[in-house]
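Participant: This structure is in structure tokens; I'll ask about it shortly.
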Amino acid sequence: MIEQYVVDLREVDQTQVALVGGKGANLGGLFRIDGLRVPAGFCVTTAAFRRVVTEGPAIGDLLDRLSRPGPEDREAIRALSAEVRQRIEGAAIPGDVAAAITRALLVRGEQSAYAVRSSATAEDLPTASFAGQQDTYLNVVGPAAVLAHVSRCWASLFTERAVTYRLRNGIDHRKVGMAVVVQQMVFPRSAGVLFTADPVTGNRKVATVDASFGLGEALVSGRVNPDVFTVRDGVVVGRAVAAKQLAVHALPGGGTQEVVIDSPRREQPALTDAQVVRLVRLGRQIEARFGCPQDIEWCLVDDDFQIVQSRPITTLFPIPTAHDPENHVYLSVGHQQMMTDAMRPLGLSMWQLTAMAPMHEAGGRLFVDATRMLAAPASRARFLEMAGRTDPLTRDALQTVLDRPGFVPALPDSGPVGPPGGAAPTPIETDPAIVTQLIERSEASIAALRRDIAPLAGPALFDFLLEAFAQHKRDLGDPLSMQAIMAGMQATWWLNDRLGEWLGETNAADTLTLSAPGNVTSEMGLALLDVADVIRPHPEVVAFLRGVEDDDFLDELPKLAGGAEARDAIEAYLDRYGMRCVGEIDITRPRWRERPATLLPVLLDNVANFAPGAARRRFEQGQQEAQRKAHEVLTRLRALPDGEQKADETERMIDRVRTFIGYREYPKYGIISRYFLYKQALLGEAERLVRANVLREREDAFYLTFQELHDVVRANRVDDTLIQRRKDAFRSYQGLTPPRVLTSEGDAINGAYRRDDVPAGALVGLPVSAGTVEGRARVILDLAQAHLEPGDILVTAHTDPSWTPLFVGIAGLVTEVGGSMTHGAVIAREYGLPAVVSVVDATRLIPDGQRIRVHGSDGYVEMLP
């Protein structure tokens with residue numbers, strides 16, 4: 001096979017990334033757009049790079065060593081990457097490669113000026129832009145200089161920042177190739193960058209143009225403030241002309257220099273409005289060609305634009321696909337479910353199939369279309385009220401959209417508006433038997449599912465699952481269940497509102513609901529304390545568990561003194577709660593039953609930090625404190641005008657909240673119990689497909705939707721390229737942060753707190769569990785890596801029920817995501833932990849080990865000296 005070392009850019013298309021890299025492939029696509037001017041040139045292919053790497057002295061060994069450090073090991077990365085670069089730049093370019101490059105230069109004029117640009121195979125792609133990771137050299141003149149700069153571009157694949165980027169994104173150094181683009185140099189009057197979507201707001205209908213005089217290098221490198229133009233619907237709607245102090249110009253013999261701009265010209269715009277509009281029109285053509293918003297580098301030469309580069313804007317959050325041209329407002333499901341991480345396709349489709357409301361996927365997350373709810377006055381008011389009670393940031397984000405004239409259509413109220421979420425408005429009696437009945441009904445349904453699903457396989461399993469999903473939704477939408485949930489929430493709001501008005505109490509319900517009965521999630525945390533009680537008396541077991549590194553440890557336990565009892569206790573816990581895990585709404589996440597070692601750090605902390613009987617004592621203390629609080633508020637109320645009536649109403653509402661608030665957690669427990677049964681059945685099918693050589697590994701099934709997996713089972717055939725594309729997309733989605741609210745134009749809106757009543761420097765959040773506590777912040781992003789000491793305050797991105805075992809050992813809670821009735825808030829109140837949630841960027845702004853003060857009643861966090 002004859003290797004191709006040089007290819008003309010006009011012969012390249014977007015299918016040839018492996019040969020010419022992302023930049024080269026995109027440039028080839030630009031040549032295919034009618035009316036677009038692109039500087040001519042050629043590409044030194046990845047085949048040439050591979051020759052240098054394989055023939056260079058000891059480069060292969062260095063690449064092996066470069067794969068070992070973690071992305072945070074900067075010293076090792078710096079030393080090894082410098083050595084790789086030195087070897088590549090010092091290696092002689094093979095003669096046939098050098099000859100091919102020289103011939104290409106002769107055709108175009110060997111003494112012409114060229115731009116020499118890196119073009120990595122993992123660069124300028126829809127899932128990873130790598131913008132700025134490798135190098136560009138301008139105004140390179142002569143074959144010897146071009147060859148030298150080609151070597152420098154090859155070496156730039158191993159800059160410290162490029163190596164770190166690949167390590168963080170799980171990209172193998174050996175699987176990334178480097179091509180080099182050599183383009184004829186253009187000498188522009190002005191140059192800059194065009195974004196075909198607003199890079200700040202995400203709005204796809206707004207384009208922004210950054211422009212400066214001379215070569216674009218001054219702007220890209222940040223040495224000059226550019227003019228910034230904003231264009232919408234073909235009209236310049238925003239303009240900020242900067243004082244441009246300098247420009248970069250080409251030197252006659254090669255290279256560039258900075259030139260000071262004459263004073264009168266500094267304040268002149270680098271483009272006219274007409275030129276800006278024309279440039280954006282070209283940008284829209286480019287965007288249409290590549291199918292996504294673009295980051296485009298341009299040059300203005302003799303009043304004509306030349307495009308020298310185009311890459312996808314990978315930082316934008318994707319927009320759900322709409323089937324009409326109307327405006328839409330999407331609400332993040334992940335912020336309601338305390339799981340904003342990206343989900344795999346099987347997890348997304350399973351949640352869509354079992355959810356009560358239609359859900360739309362974007363960026364590996366799910367969204368609900370709230371447009372119609374916001375369009376009519378009565379439903380809008382109720383929707384905003386609910387949002388404001390649970391998460392002020394979401395309400396503020398929604399209000400931001402509503403404040404845009406005409407974006408949300410105005411529709412008349414279609415009829416009586418019931419409570420949010422579809423709950424039946426009919427009240428129910430305050431009767432504990434209702435909760436008992438609901439739980440028994442759920443347990444019977446899950447038992448029937450377990451029985452009926454066990455013998456099924458193949459297409460029959462999938463047919464059954466579709467019927468099971470319908471039953472799942474019927475159980476979830478049980479009117480009595482919805483009434484019980486709303487009864488607990490409304491009683492909480494009533495108590496907080498009335499006792500605030502009558503007694504000046506803040507969040508009184510937080511104390512009144514301590515150790516409320518029937519909360520399956522809080523019971524889960526206390527139950528792990530009971531497991532610790534079984535393990536604590538056996539030092540050999542404790543020592544063994546501290547050294548566990550994999551998930552088969554349960555089989556080894558009976559060999560130790562006390563090990564059989566320890567295993568039985570852990571197994572009993574897993575039988576009850578083993579279907580849970582972090583991010584449990586994603587069916588593809590490993591459950592505790594599948595990876596029991598995940599629980600060991602928390603379990604061992606319980607062994608070390610608690611005395612026997614802690615679970616019972618903690619529950620009883622909560623009950624007593626709630627009783628004391630109830631007695632106190634009732635006594636104070638009776639001393640008021642109309643006090644007996646107020647006290648009687650309050651006493652009834654306290655009874656109501658304690659009857660129903662614990663049930664708030666049970667439906668989620670039932671959902672996840674069913675999910676585990678679904679998952680076990682689907683993994684059985686995936687394992688059969690692996691044995692049949694249809695899937696490479698069973699987890700590949702996670703990158704198919706439920707219907708796609710169904711089709712694969714029927715056909716016994718799979719599209720491997722589809723699975724690989726899905727894996728690449730999932731990896732890119734993991735780097736995105738979903739907004740609370742997303743519009744169909746692409747605006748990503750997270751809302752803001754409108755408060756001026758907090759100390760300077762404090763981090764503002766939502767108060768969800770009363771009290772104030774000081775302690776050491778422990779920033780924990782992975783439950784399996786948790787290690788806590790008494791008095792620590794947990795700081796994390798978000799918590800779902802799987803984090804509950806951690807709550808028994810902490811003094812307070814701070815999260816980036818959450819609301820007043822989400823799981824972390826409910827359990828914090830249940831355990832009496834001061835908690836502030838929805839603290840923007842808490843895990844970044846609060847250093848691990850920092851002493852902080854959490855104001856759980858007032859909703860802010862202070863840093864302490």
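Letters for chains follow the order of the structure tokens (A, B, ...), residue numbers begin at 1 for each chain, and ligand numbers begin at 1 in the order shown.
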Which neighbours of A:Gln785 fall inside 12 Å, counting only C-alpha atoms, when residues of the same chain fewer than 5 positions from it are skipped, and could you give them as an MDAnalysis selection string?

Facilitator: chainID A and resid 597:602 605 778:780 806

Participant: Keeping only all heavy atoms, write those residues as a compact mmCIF listing (two decimals), in the first residue's frame.

Facilitator:
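And here is the file that came out, again.txt:
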# COMPACT_ATOMS: atom_id res chain seq x y z
N ALA A 597 -19.28 -2.76 47.05
CA ALA A 597 -18.12 -2.08 47.65
C ALA A 597 -18.32 -0.57 47.70
O ALA A 597 -17.66 0.12 48.47
CB ALA A 597 -16.86 -2.42 46.87
N THR A 598 -19.23 -0.05 46.89
CA THR A 598 -19.53 1.39 46.91
C THR A 598 -19.94 1.85 48.30
O THR A 598 -19.65 2.98 48.71
CB THR A 598 -20.66 1.70 45.91
OG1 THR A 598 -20.29 1.25 44.62
CG2 THR A 598 -20.96 3.19 45.87
N LEU A 599 -20.61 0.98 49.05
CA LEU A 599 -21.13 1.35 50.37
C LEU A 599 -20.07 1.30 51.47
O LEU A 599 -20.30 1.83 52.56
CB LEU A 599 -22.27 0.41 50.75
CG LEU A 599 -23.60 0.61 50.01
CD1 LEU A 599 -24.53 -0.57 50.30
CD2 LEU A 599 -24.24 1.92 50.41
N LEU A 600 -18.95 0.65 51.21
CA LEU A 600 -18.01 0.39 52.30
C LEU A 600 -17.42 1.65 52.94
O LEU A 600 -17.27 1.69 54.17
CB LEU A 600 -16.90 -0.53 51.81
CG LEU A 600 -17.35 -1.98 51.52
CD1 LEU A 600 -16.17 -2.84 51.11
CD2 LEU A 600 -18.05 -2.58 52.73
N PRO A 601 -17.05 2.69 52.20
CA PRO A 601 -16.52 3.88 52.88
C PRO A 601 -17.49 4.45 53.91
O PRO A 601 -17.09 4.82 55.03
CB PRO A 601 -16.26 4.87 51.73
CG PRO A 601 -16.04 4.00 50.53
CD PRO A 601 -16.98 2.85 50.72
N VAL A 602 -18.78 4.54 53.55
CA VAL A 602 -19.77 5.07 54.49
C VAL A 602 -19.97 4.10 55.65
O VAL A 602 -20.05 4.52 56.81
CB VAL A 602 -21.10 5.34 53.77
CG1 VAL A 602 -22.10 5.98 54.72
CG2 VAL A 602 -20.89 6.22 52.55
N ASP A 605 -17.07 4.35 58.01
CA ASP A 605 -17.17 5.59 58.79
C ASP A 605 -18.18 5.43 59.92
O ASP A 605 -17.98 5.92 61.04
CB ASP A 605 -17.56 6.75 57.88
CG ASP A 605 -16.40 7.31 57.09
OD1 ASP A 605 -15.25 6.91 57.36
OD2 ASP A 605 -16.64 8.14 56.19
N ARG A 778 -16.46 19.25 53.44
CA ARG A 778 -15.92 18.11 52.71
C ARG A 778 -16.58 18.09 51.34
O ARG A 778 -17.77 17.80 51.21
CB ARG A 778 -16.19 16.80 53.45
CG ARG A 778 -15.42 16.64 54.75
CD ARG A 778 -13.91 16.93 54.60
NE ARG A 778 -13.31 16.26 53.47
CZ ARG A 778 -12.79 15.04 53.50
NH1 ARG A 778 -12.81 14.35 54.63
NH2 ARG A 778 -12.24 14.52 52.43
N VAL A 779 -15.80 18.45 50.32
CA VAL A 779 -16.32 18.48 48.95
C VAL A 779 -16.21 17.08 48.38
O VAL A 779 -15.11 16.57 48.15
CB VAL A 779 -15.54 19.50 48.10
CG1 VAL A 779 -16.09 19.53 46.68
CG2 VAL A 779 -15.62 20.89 48.73
N ILE A 780 -17.34 16.45 48.16
CA ILE A 780 -17.38 15.05 47.72
C ILE A 780 -18.24 14.97 46.47
O ILE A 780 -19.41 15.37 46.47
CB ILE A 780 -17.94 14.13 48.82
CG1 ILE A 780 -17.02 14.17 50.05
CG2 ILE A 780 -18.11 12.70 48.31
CD1 ILE A 780 -17.56 13.42 51.24
N LEU A 806 -24.90 8.77 53.90
CA LEU A 806 -23.87 9.74 54.28
C LEU A 806 -24.42 10.78 55.26
O LEU A 806 -23.67 11.34 56.06
CB LEU A 806 -23.36 10.44 53.01
CG LEU A 806 -21.86 10.70 52.87
CD1 LEU A 806 -21.10 9.39 52.93
CD2 LEU A 806 -21.58 11.40 51.55

Participant: Give me every alpha helix (DSSP H) residue in stretch 359-465 of chain A, going by DSSP on the backbone, as a JSON list (two decimals) with N, CA, C and O atoms, in the first residue's frame.

Facilitator:
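File produced: result.json:
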[["chain", "number", "residue", "atom", "x", "y", "z"],
["A", 371, "THR", "N", -44.18, 25.21, 27.85],
["A", 371, "THR", "CA", -44.70, 26.37, 27.13],
["A", 371, "THR", "C", -46.19, 26.57, 27.38],
["A", 371, "THR", "O", -46.64, 27.68, 27.70],
["A", 372, "ARG", "N", -46.98, 25.52, 27.21],
["A", 372, "ARG", "CA", -48.44, 25.67, 27.35],
["A", 372, "ARG", "C", -48.81, 26.02, 28.79],
["A", 372, "ARG", "O", -49.75, 26.79, 29.02],
["A", 373, "MET", "N", -48.08, 25.47, 29.76],
["A", 373, "MET", "CA", -48.37, 25.80, 31.15],
["A", 373, "MET", "C", -48.12, 27.28, 31.43],
["A", 373, "MET", "O", -48.79, 27.89, 32.27],
["A", 374, "LEU", "N", -47.17, 27.87, 30.70],
["A", 374, "LEU", "CA", -46.83, 29.27, 30.91],
["A", 374, "LEU", "C", -47.69, 30.22, 30.07],
["A", 374, "LEU", "O", -47.67, 31.43, 30.30],
["A", 375, "ALA", "N", -48.42, 29.67, 29.11],
["A", 375, "ALA", "CA", -49.11, 30.53, 28.15],
["A", 375, "ALA", "C", -50.41, 31.11, 28.70],
["A", 375, "ALA", "O", -50.79, 32.22, 28.33],
["A", 377, "PRO", "N", -52.93, 32.51, 31.80],
["A", 377, "PRO", "CA", -52.67, 33.24, 33.05],
["A", 377, "PRO", "C", -52.78, 32.38, 34.31],
["A", 377, "PRO", "O", -51.91, 32.43, 35.18],
["A", 378, "ALA", "N", -53.86, 31.61, 34.45],
["A", 378, "ALA", "CA", -54.06, 30.86, 35.70],
["A", 378, "ALA", "C", -53.02, 29.75, 35.85],
["A", 378, "ALA", "O", -52.41, 29.59, 36.92],
["A", 379, "SER", "N", -52.80, 28.98, 34.79],
["A", 379, "SER", "CA", -51.82, 27.89, 34.89],
["A", 379, "SER", "C", -50.42, 28.46, 35.08],
["A", 379, "SER", "O", -49.60, 27.89, 35.79],
["A", 380, "ARG", "N", -50.14, 29.62, 34.45],
["A", 380, "ARG", "CA", -48.83, 30.25, 34.62],
["A", 380, "ARG", "C", -48.61, 30.64, 36.08],
["A", 380, "ARG", "O", -47.55, 30.39, 36.65],
["A", 381, "ALA", "N", -49.63, 31.24, 36.70],
["A", 381, "ALA", "CA", -49.49, 31.67, 38.09],
["A", 381, "ALA", "C", -49.23, 30.48, 39.00],
["A", 381, "ALA", "O", -48.36, 30.53, 39.89],
["A", 382, "ARG", "N", -49.97, 29.39, 38.81],
["A", 382, "ARG", "CA", -49.78, 28.21, 39.65],
["A", 382, "ARG", "C", -48.41, 27.58, 39.42],
["A", 382, "ARG", "O", -47.74, 27.14, 40.35],
["A", 383, "PHE", "N", -48.00, 27.54, 38.15],
["A", 383, "PHE", "CA", -46.72, 26.95, 37.80],
["A", 383, "PHE", "C", -45.57, 27.74, 38.41],
["A", 383, "PHE", "O", -44.63, 27.17, 38.99],
["A", 384, "LEU", "N", -45.64, 29.07, 38.31],
["A", 384, "LEU", "CA", -44.59, 29.91, 38.88],
["A", 384, "LEU", "C", -44.59, 29.83, 40.41],
["A", 384, "LEU", "O", -43.53, 29.86, 41.04],
["A", 385, "GLU", "N", -45.78, 29.74, 41.01],
["A", 385, "GLU", "CA", -45.85, 29.61, 42.46],
["A", 385, "GLU", "C", -45.15, 28.33, 42.91],
["A", 385, "GLU", "O", -44.36, 28.33, 43.86],
["A", 386, "MET", "N", -45.44, 27.22, 42.23],
["A", 386, "MET", "CA", -44.81, 25.95, 42.59],
["A", 386, "MET", "C", -43.30, 26.03, 42.39],
["A", 386, "MET", "O", -42.52, 25.60, 43.24],
["A", 387, "ALA", "N", -42.87, 26.61, 41.25],
["A", 387, "ALA", "CA", -41.45, 26.73, 41.00],
["A", 387, "ALA", "C", -40.77, 27.58, 42.06],
["A", 387, "ALA", "O", -39.67, 27.27, 42.53],
["A", 388, "GLY", "N", -41.43, 28.67, 42.45],
["A", 388, "GLY", "CA", -40.85, 29.55, 43.46],
["A", 388, "GLY", "C", -40.72, 28.89, 44.81],
["A", 388, "GLY", "O", -39.77, 29.15, 45.55],
["A", 389, "ARG", "N", -41.68, 28.04, 45.17],
["A", 389, "ARG", "CA", -41.61, 27.35, 46.45],
["A", 389, "ARG", "C", -40.49, 26.32, 46.47],
["A", 389, "ARG", "O", -39.87, 26.07, 47.51],
["A", 390, "THR", "N", -40.27, 25.66, 45.34],
["A", 390, "THR", "CA", -39.28, 24.57, 45.32],
["A", 390, "THR", "C", -37.89, 25.04, 44.94],
["A", 390, "THR", "O", -36.90, 24.56, 45.49],
["A", 392, "PRO", "N", -36.20, 28.88, 43.75],
["A", 392, "PRO", "CA", -36.30, 30.26, 43.26],
["A", 392, "PRO", "C", -35.50, 30.51, 41.98],
["A", 392, "PRO", "O", -35.88, 31.37, 41.18],
["A", 393, "LEU", "N", -34.42, 29.79, 41.79],
["A", 393, "LEU", "CA", -33.62, 30.00, 40.57],
["A", 393, "LEU", "C", -34.41, 29.58, 39.33],
["A", 393, "LEU", "O", -34.35, 30.25, 38.29],
["A", 394, "THR", "N", -35.13, 28.47, 39.43],
["A", 394, "THR", "CA", -35.95, 28.05, 38.30],
["A", 394, "THR", "C", -37.05, 29.06, 38.03],
["A", 394, "THR", "O", -37.34, 29.41, 36.88],
["A", 395, "ARG", "N", -37.67, 29.55, 39.09],
["A", 395, "ARG", "CA", -38.72, 30.55, 38.90],
["A", 395, "ARG", "C", -38.16, 31.80, 38.24],
["A", 395, "ARG", "O", -38.77, 32.36, 37.31],
["A", 396, "ASP", "N", -36.99, 32.23, 38.67],
["A", 396, "ASP", "CA", -36.39, 33.43, 38.09],
["A", 396, "ASP", "C", -36.04, 33.21, 36.63],
["A", 396, "ASP", "O", -36.23, 34.10, 35.79],
["A", 397, "ALA", "N", -35.54, 32.01, 36.32],
["A", 397, "ALA", "CA", -35.21, 31.70, 34.93],
["A", 397, "ALA", "C", -36.47, 31.72, 34.06],
["A", 397, "ALA", "O", -36.45, 32.25, 32.94],
["A", 398, "LEU", "N", -37.56, 31.15, 34.57],
["A", 398, "LEU", "CA", -38.82, 31.18, 33.82],
["A", 398, "LEU", "C", -39.31, 32.61, 33.63],
["A", 398, "LEU", "O", -39.78, 32.98, 32.55],
["A", 399, "GLN", "N", -39.19, 33.42, 34.68],
["A", 399, "GLN", "CA", -39.64, 34.80, 34.58],
["A", 399, "GLN", "C", -38.81, 35.57, 33.55],
["A", 399, "GLN", "O", -39.33, 36.45, 32.84],
["A", 400, "THR", "N", -37.52, 35.24, 33.45],
["A", 400, "THR", "CA", -36.66, 35.88, 32.45],
["A", 400, "THR", "C", -37.21, 35.66, 31.05],
["A", 400, "THR", "O", -37.22, 36.57, 30.21],
["A", 401, "VAL", "N", -37.67, 34.44, 30.79],
["A", 401, "VAL", "CA", -38.25, 34.14, 29.47],
["A", 401, "VAL", "C", -39.58, 34.86, 29.31],
["A", 401, "VAL", "O", -39.87, 35.43, 28.24],
["A", 402, "LEU", "N", -40.39, 34.85, 30.34],
["A", 402, "LEU", "CA", -41.71, 35.50, 30.25],
["A", 402, "LEU", "C", -41.60, 37.00, 30.03],
["A", 402, "LEU", "O", -42.49, 37.62, 29.45],
["A", 432, "PRO", "N", -53.34, 7.42, 58.80],
["A", 432, "PRO", "CA", -52.13, 6.62, 58.50],
["A", 432, "PRO", "C", -52.44, 5.36, 57.71],
["A", 432, "PRO", "O", -51.56, 4.85, 57.00],
["A", 433, "ALA", "N", -53.65, 4.86, 57.80],
["A", 433, "ALA", "CA", -54.00, 3.65, 57.05],
["A", 433, "ALA", "C", -53.91, 3.88, 55.55],
["A", 433, "ALA", "O", -53.68, 2.93, 54.78],
["A", 434, "ILE", "N", -54.08, 5.12, 55.11],
["A", 434, "ILE", "CA", -53.96, 5.41, 53.67],
["A", 434, "ILE", "C", -52.54, 5.13, 53.20],
["A", 434, "ILE", "O", -52.32, 4.51, 52.16],
["A", 435, "VAL", "N", -51.56, 5.58, 53.97],
["A", 435, "VAL", "CA", -50.16, 5.34, 53.61],
["A", 435, "VAL", "C", -49.87, 3.84, 53.63],
["A", 435, "VAL", "O", -49.22, 3.32, 52.71],
["A", 436, "THR", "N", -50.35, 3.15, 54.65],
["A", 436, "THR", "CA", -50.14, 1.69, 54.72],
["A", 436, "THR", "C", -50.73, 1.01, 53.48],
["A", 436, "THR", "O", -50.09, 0.14, 52.87],
["A", 437, "GLN", "N", -51.92, 1.42, 53.10],
["A", 437, "GLN", "CA", -52.57, 0.84, 51.93],
["A", 437, "GLN", "C", -51.77, 1.10, 50.66],
["A", 437, "GLN", "O", -51.59, 0.20, 49.82],
["A", 438, "LEU", "N", -51.27, 2.31, 50.50],
["A", 438, "LEU", "CA", -50.51, 2.66, 49.30],
["A", 438, "LEU", "C", -49.22, 1.85, 49.21],
["A", 438, "LEU", "O", -48.84, 1.37, 48.13],
["A", 439, "ILE", "N", -48.53, 1.69, 50.32],
["A", 439, "ILE", "CA", -47.29, 0.93, 50.32],
["A", 439, "ILE", "C", -47.56, -0.54, 50.02],
["A", 439, "ILE", "O", -46.83, -1.16, 49.23],
["A", 440, "GLU", "N", -48.60, -1.09, 50.62],
["A", 440, "GLU", "CA", -48.93, -2.49, 50.36],
["A", 440, "GLU", "C", -49.29, -2.70, 48.89],
["A", 440, "GLU", "O", -48.91, -3.70, 48.27],
["A", 441, "ARG", "N", -50.01, -1.74, 48.33],
["A", 441, "ARG", "CA", -50.39, -1.83, 46.92],
["A", 441, "ARG", "C", -49.15, -1.81, 46.03],
["A", 441, "ARG", "O", -49.03, -2.58, 45.06],
["A", 442, "SER", "N", -48.20, -0.94, 46.34],
["A", 442, "SER", "CA", -46.97, -0.85, 45.56],
["A", 442, "SER", "C", -46.15, -2.13, 45.68],
["A", 442, "SER", "O", -45.63, -2.65, 44.68],
["A", 443, "GLU", "N", -46.01, -2.63, 46.90],
["A", 443, "GLU", "CA", -45.22, -3.84, 47.10],
["A", 443, "GLU", "C", -45.83, -5.03, 46.36],
["A", 443, "GLU", "O", -45.10, -5.87, 45.80],
["A", 444, "ALA", "N", -47.14, -5.11, 46.32],
["A", 444, "ALA", "CA", -47.80, -6.20, 45.60],
["A", 444, "ALA", "C", -47.54, -6.08, 44.10],
["A", 444, "ALA", "O", -47.30, -7.10, 43.41],
["A", 445, "SER", "N", -47.57, -4.86, 43.59],
["A", 445, "SER", "CA", -47.31, -4.66, 42.16],
["A", 445, "SER", "C", -45.89, -5.04, 41.79],
["A", 445, "SER", "O", -45.65, -5.68, 40.75],
["A", 446, "ILE", "N", -44.92, -4.67, 42.65],
["A", 446, "ILE", "CA", -43.52, -5.02, 42.39],
["A", 446, "ILE", "C", -43.31, -6.53, 42.47],
["A", 446, "ILE", "O", -42.58, -7.12, 41.66],
["A", 447, "ALA", "N", -43.96, -7.18, 43.44],
["A", 447, "ALA", "CA", -43.84, -8.63, 43.56],
["A", 447, "ALA", "C", -44.39, -9.33, 42.32],
["A", 447, "ALA", "O", -43.82, -10.31, 41.83],
["A", 448, "ALA", "N", -45.51, -8.82, 41.79],
["A", 448, "ALA", "CA", -46.08, -9.40, 40.58],
["A", 448, "ALA", "C", -45.14, -9.22, 39.40],
["A", 448, "ALA", "O", -44.96, -10.13, 38.58],
["A", 449, "LEU", "N", -44.51, -8.04, 39.31],
["A", 449, "LEU", "CA", -43.54, -7.80, 38.25],
["A", 449, "LEU", "C", -42.37, -8.77, 38.36],
["A", 449, "LEU", "O", -41.95, -9.37, 37.36],
["A", 450, "ARG", "N", -41.85, -8.95, 39.56],
["A", 450, "ARG", "CA", -40.72, -9.86, 39.77],
["A", 450, "ARG", "C", -41.09, -11.28, 39.34],
["A", 450, "ARG", "O", -40.30, -11.97, 38.69],
["A", 451, "ARG", "N", -42.29, -11.70, 39.68],
["A", 451, "ARG", "CA", -42.75, -13.05, 39.34],
["A", 451, "ARG", "C", -42.93, -13.21, 37.83],
["A", 451, "ARG", "O", -42.49, -14.20, 37.24],
["A", 452, "ASP", "N", -43.57, -12.25, 37.21],
["A", 452, "ASP", "CA", -43.96, -12.39, 35.81],
["A", 452, "ASP", "C", -42.79, -12.20, 34.84],
["A", 452, "ASP", "O", -42.80, -12.76, 33.73],
["A", 453, "ILE", "N", -41.80, -11.40, 35.25],
["A", 453, "ILE", "CA", -40.70, -11.11, 34.33],
["A", 453, "ILE", "C", -39.66, -12.21, 34.32],
["A", 453, "ILE", "O", -38.92, -12.38, 33.33],
["A", 458, "GLY", "N", -36.00, -12.71, 25.08],
["A", 458, "GLY", "CA", -36.20, -12.41, 23.67],
["A", 458, "GLY", "C", -37.33, -11.44, 23.42],
["A", 458, "GLY", "O", -37.69, -10.63, 24.29],
["A", 459, "PRO", "N", -37.94, -11.48, 22.23],
["A", 459, "PRO", "CA", -39.02, -10.54, 21.91],
["A", 459, "PRO", "C", -40.17, -10.57, 22.91],
["A", 459, "PRO", "O", -40.79, -9.54, 23.16],
["A", 460, "ALA", "N", -40.44, -11.73, 23.49],
["A", 460, "ALA", "CA", -41.54, -11.82, 24.46],
["A", 460, "ALA", "C", -41.27, -10.93, 25.68],
["A", 460, "ALA", "O", -42.19, -10.34, 26.25],
["A", 461, "LEU", "N", -40.01, -10.82, 26.07],
["A", 461, "LEU", "CA", -39.65, -9.96, 27.19],
["A", 461, "LEU", "C", -39.97, -8.50, 26.87],
["A", 461, "LEU", "O", -40.56, -7.78, 27.69],
["A", 462, "PHE", "N", -39.62, -8.07, 25.67],
["A", 462, "PHE", "CA", -39.84, -6.67, 25.31],
["A", 462, "PHE", "C", -41.33, -6.37, 25.19],
["A", 462, "PHE", "O", -41.79, -5.28, 25.57],
["A", 463, "ASP", "N", -42.10, -7.31, 24.67],
["A", 463, "ASP", "CA", -43.55, -7.11, 24.61],
["A", 463, "ASP", "C", -44.12, -6.97, 26.02],
["A", 463, "ASP", "O", -44.98, -6.11, 26.28],
["A", 464, "PHE", "N", -43.63, -7.81, 26.91],
["A", 464, "PHE", "CA", -44.10, -7.75, 28.30],
["A", 464, "PHE", "C", -43.70, -6.42, 28.95],
["A", 464, "PHE", "O", -44.50, -5.81, 29.68],
["A", 465, "LEU", "N", -42.48, -5.97, 28.70],
["A", 465, "LEU", "CA", -42.01, -4.74, 29.32],
["A", 465, "LEU", "C", -42.86, -3.54, 28.91],
["A", 465, "LEU", "O", -43.13, -2.66, 29.73]]

Participant: Can you list every residue of stretch 10-34 of chain A that has an atom at most 12 Å from stretch 134-146 of chain A, with its nearest atom pair and the distance in Å to one decimal, using only C-alpha atoms, ordered by chain then number, as JSON lines?

Facilitator:
{"residue": "A:Gly21", "atom": "CA", "partner": "A:Gln134", "partner_atom": "CA", "distance": 12.0}
{"residue": "A:Gly22", "atom": "CA", "partner": "A:Gln134", "partner_atom": "CA", "distance": 12.0}
{"residue": "A:Lys23", "atom": "CA", "partner": "A:Gln134", "partner_atom": "CA", "distance": 11.1}

Participant: Go ahead and dump the residues you just picked, C-alpha atoms, as a PDB file, in the first residue's frame.

Facilitator:
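Okay, this is what ended up in again31.pdb:
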ATOM      1  CA  GLY A  21      -7.643  15.791  10.868  1.00  0.00           C
ATOM      2  CA  GLY A  22     -10.609  17.886  11.921  1.00  0.00           C
ATOM      3  CA  LYS A  23      -9.368  21.238  10.622  1.00  0.00           C
TER       4      LYS A  23
END

Participant: Pick out the residues sitting within 9 Å of stretch 630-647 of chain A, and hand them over as a list in words; count only C-alpha atoms, and ignore anything fewer than 2 positions along from it in its own chain.

Facilitator: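 Near neighbours after the sequence-gap exclusion: Leu499, Trp502, Leu503, Ala508, Thr511, Leu512, Glu625, Ala626, Gln627, Arg628, Glu649, Thr650, Glu651, Arg652 and Ile654 of chain A.
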
Participant: Pick out the residues sitting within 10 Å of stretch 275-292 of chain A, and hand them over as a PyMOL selection string; count only C-alpha atoms, and ignore anything fewer than 4 positions along from it in its own chain.

Facilitator: chain A and resi 14+26+29-30+32-36+126+194-197+204+206-211+229-236+270-271+296+298+300+303-307+310-314+318

Participant: Find, counting only C-alpha atoms, the residue in A:Val657, A:Leu353, A:Ala99, A:Met343 that gets nearest to A:Arg365.

Facilitator: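 The shortest atom-to-atom distance to A:Arg365 comes from A:Met343.
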